[in-house]
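Structure below is my_file29.tsv: TSV, C-alpha atoms.
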```tsv
chain	number	residue	atom	x	y	z
A	1	MET	CA	-109.34	-52.13	6.60
A	2	ALA	CA	-106.73	-53.05	4.04
A	3	LYS	CA	-105.54	-56.63	3.70
A	4	VAL	CA	-101.81	-57.00	4.32
A	5	ASN	CA	-99.41	-59.61	2.93
A	6	ILE	CA	-97.83	-60.44	6.27
A	7	LYS	CA	-98.46	-63.36	8.60
A	8	PRO	CA	-97.17	-62.92	12.17
A	9	LEU	CA	-95.44	-65.91	13.76
A	10	ALA	CA	-96.25	-67.56	17.12
A	11	ASP	CA	-98.12	-65.22	19.47
A	12	ARG	CA	-97.37	-62.02	17.54
A	13	VAL	CA	-100.12	-59.59	16.54
A	14	LEU	CA	-100.02	-56.85	13.87
A	15	VAL	CA	-101.91	-53.74	15.01
A	16	GLN	CA	-102.75	-50.59	13.07
A	17	PRO	CA	-102.67	-47.69	15.59
A	18	MET	CA	-105.63	-45.32	15.56
A	19	ALA	CA	-105.02	-41.65	14.80
A	20	ALA	CA	-103.94	-39.40	17.66
A	21	GLU	CA	-106.52	-37.00	19.04
A	22	THR	CA	-106.43	-33.55	17.43
A	23	LYS	CA	-108.83	-31.82	19.86
A	24	THR	CA	-109.47	-32.02	23.56
A	25	ALA	CA	-112.96	-32.64	24.97
A	26	SER	CA	-113.34	-28.89	25.51
A	27	GLY	CA	-112.44	-28.11	21.87
A	28	ILE	CA	-108.83	-26.99	22.22
A	29	ILE	CA	-106.74	-28.00	19.19
A	30	ILE	CA	-103.63	-30.01	20.08
A	31	PRO	CA	-100.50	-29.11	18.06
A	32	ASP	CA	-98.48	-31.91	16.41
A	33	THR	CA	-95.61	-31.49	18.87
A	34	ALA	CA	-97.86	-32.12	21.90
A	35	LYS	CA	-99.81	-35.13	20.57
A	36	GLU	CA	-99.40	-38.34	22.53
A	37	LYS	CA	-98.69	-41.66	20.87
A	38	PRO	CA	-101.99	-43.56	20.57
A	39	GLN	CA	-102.48	-46.62	22.78
A	40	LYS	CA	-105.47	-47.98	20.89
A	41	GLY	CA	-105.57	-49.78	17.57
A	42	LYS	CA	-107.18	-52.36	15.27
A	43	VAL	CA	-105.85	-55.89	14.92
A	44	VAL	CA	-104.90	-56.50	11.27
A	45	ALA	CA	-103.20	-59.92	11.43
A	46	VAL	CA	-102.73	-62.60	14.09
A	47	GLY	CA	-100.20	-65.41	14.45
A	48	PRO	CA	-101.24	-69.04	15.11
A	49	GLY	CA	-100.20	-69.01	18.78
A	50	THR	CA	-97.72	-71.23	20.58
A	51	LYS	CA	-97.99	-74.89	21.51
A	52	ASP	CA	-98.96	-73.89	25.06
A	53	PHE	CA	-101.30	-70.94	24.36
A	54	ASP	CA	-103.80	-70.03	21.65
A	55	VAL	CA	-104.14	-66.40	20.58
A	56	THR	CA	-107.31	-64.84	22.04
A	57	VAL	CA	-107.54	-61.71	19.87
A	58	LYS	CA	-108.83	-61.90	16.31
A	59	VAL	CA	-108.61	-59.76	13.19
A	60	GLY	CA	-110.85	-56.70	13.48
A	61	ASP	CA	-110.70	-56.40	17.30
A	62	THR	CA	-110.00	-52.96	18.77
A	63	VAL	CA	-107.34	-53.30	21.46
A	64	LEU	CA	-105.55	-51.22	24.09
A	65	TYR	CA	-101.80	-51.72	24.44
A	66	GLY	CA	-98.92	-50.31	26.48
A	67	LYS	CA	-97.40	-46.98	25.52
A	68	PHE	CA	-94.00	-48.43	24.58
A	69	SER	CA	-95.22	-51.81	23.27
A	70	GLY	CA	-94.32	-53.37	19.97
A	71	THR	CA	-92.03	-52.66	17.06
A	72	GLU	CA	-93.02	-49.97	14.58
A	73	LEU	CA	-93.30	-51.07	10.94
A	74	LYS	CA	-94.19	-49.24	7.73
A	75	LEU	CA	-95.78	-51.48	5.08
A	76	GLU	CA	-97.08	-50.07	1.79
A	77	GLY	CA	-97.15	-46.55	3.26
A	78	THR	CA	-99.15	-47.47	6.38
A	79	ASP	CA	-97.81	-47.53	9.94
A	80	TYR	CA	-98.26	-50.71	12.01
A	81	LEU	CA	-97.07	-52.14	15.31
A	82	MET	CA	-95.94	-55.76	15.67
A	83	MET	CA	-96.27	-56.95	19.26
A	84	ARG	CA	-96.71	-60.04	21.38
A	85	GLU	CA	-100.22	-60.80	22.53
A	86	SER	CA	-99.03	-60.35	26.13
A	87	ASP	CA	-98.38	-56.64	25.35
A	88	ILE	CA	-102.11	-56.16	24.69
A	89	LEU	CA	-103.91	-54.94	27.80
A	90	ALA	CA	-107.57	-55.23	26.78
A	91	ILE	CA	-110.04	-55.73	23.95
A	92	VAL	CA	-112.40	-52.76	23.64
```
Could I get this file's structure written as structure tokens?
Amino acid sequence: MAKVNIKPLADRVLVQPMAAETKTASGIIIPDTAKEKPQKGKVVAVGPGTKDFDVTVKVGDTVLYGKFSGTELKLEGTDYLMMRESDILAIV
């Protein structure tokens, strides 16, 4: 995992989405036009939290998030999502 020069503020979390599946369980290859947006990723950076709540996820956690969560960013050629911790559904 590459170290990034970005520090999220408050309860924001920077997530690197995992690659979309290219094959189904039965071995059928999925074309690029039919691939779904991944809903799983690795936490790359975490903000300090708010005065009322601490952030529960930490760098390196694999998380599940909502399909339309976060703001897409491209830093140094890599795609990331910046989202609030409340958009994260679970730690895997």
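Closest approach to Ala20 of chain A from the set A:Ala34, A:Met83, A:Val59, A:Ile91 is made by A:Ala34, with distances taken over all atoms listed in the file.
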TODO: Excluding Gly41 of chain A and residues on its chain fewer than 6 positions from it, collect all residues at most 7 Å away from it, counting all atoms listed in the file, and give them as a ChimeraX atom specification.
DONE: /A:15-18,62-64
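Nearest residue to Leu73 of chain A among A:Leu14, A:Lys51, A:Val57, A:Glu36 is A:Leu14, counting only C-alpha atoms.
Proximity ranking of A:Glu72, A:Val13, A:Val43, A:Ala25 relative to Asp87 of chain A places A:Val13 first, based on only C-alpha atoms.
Between atom CA of Lys67 of chain A and atom CA of Ile30 of chain A there is a distance of 18.9 Å.
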Correct to one decimal, the distance atom CA of Val46 of chain A-atom CA of Lys7 of chain A is 7.0 Å
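Between atom CA of Glu21 of chain A and atom CA of Lys58 of chain A the interatomic distance comes to 25.2 Å.
With distances taken over all atoms listed in the file, A:Pro8 is the one residue among A:Gly77, A:Gly66, A:Pro31, A:Pro8 lying closest to Val44 of chain A.
Neighbours of Asn5 of chain A closer than or equal to 10 Å, with all atoms listed in the file counted and sequence neighbours fewer than 5 positions away skipped, come out as Ala45, Leu75 and Glu76 of chain A.
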Which polymer residues have any atom within 10 Å of an atom of Ser86 of chain A, counting all atoms listed in the file, with same-chain residues fewer than 5 positions away left out, as JSON, numbers by chain?
{"A": [11, 12, 13, 55, 65, 69]}
Could you give me, as a VMD selection string, the residues within 9 Å of Thr71 of chain A, counting only C-alpha atoms and dropping anything in the same chain fewer than 3 positions from it?
-> chain A and resid 68 80 to 83
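Minimum atom-to-atom distances from A:Thr22, A:Thr50, A:Thr56, A:Thr33 to Ala90 of chain A were compared using all atoms listed in the file, and the lowest value belongs to A:Thr56.
Restricting the calculation to only C-alpha atoms, the smallest distance between Asp79 of chain A and any of A:Ile28, A:Gly47, A:Leu9, A:Ala19 is found for A:Ala19.
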Where is the centre and how long are the edges: axis-aligned box on segment 7-21 of chain A, 5 Å on each side, Å to one decimal, as AutoDock Vina command-line options:
```
--center_x -101.0 --center_y -52.3 --center_z 14.0 --size_x 21.1 --size_y 40.6 --size_z 20.9
```
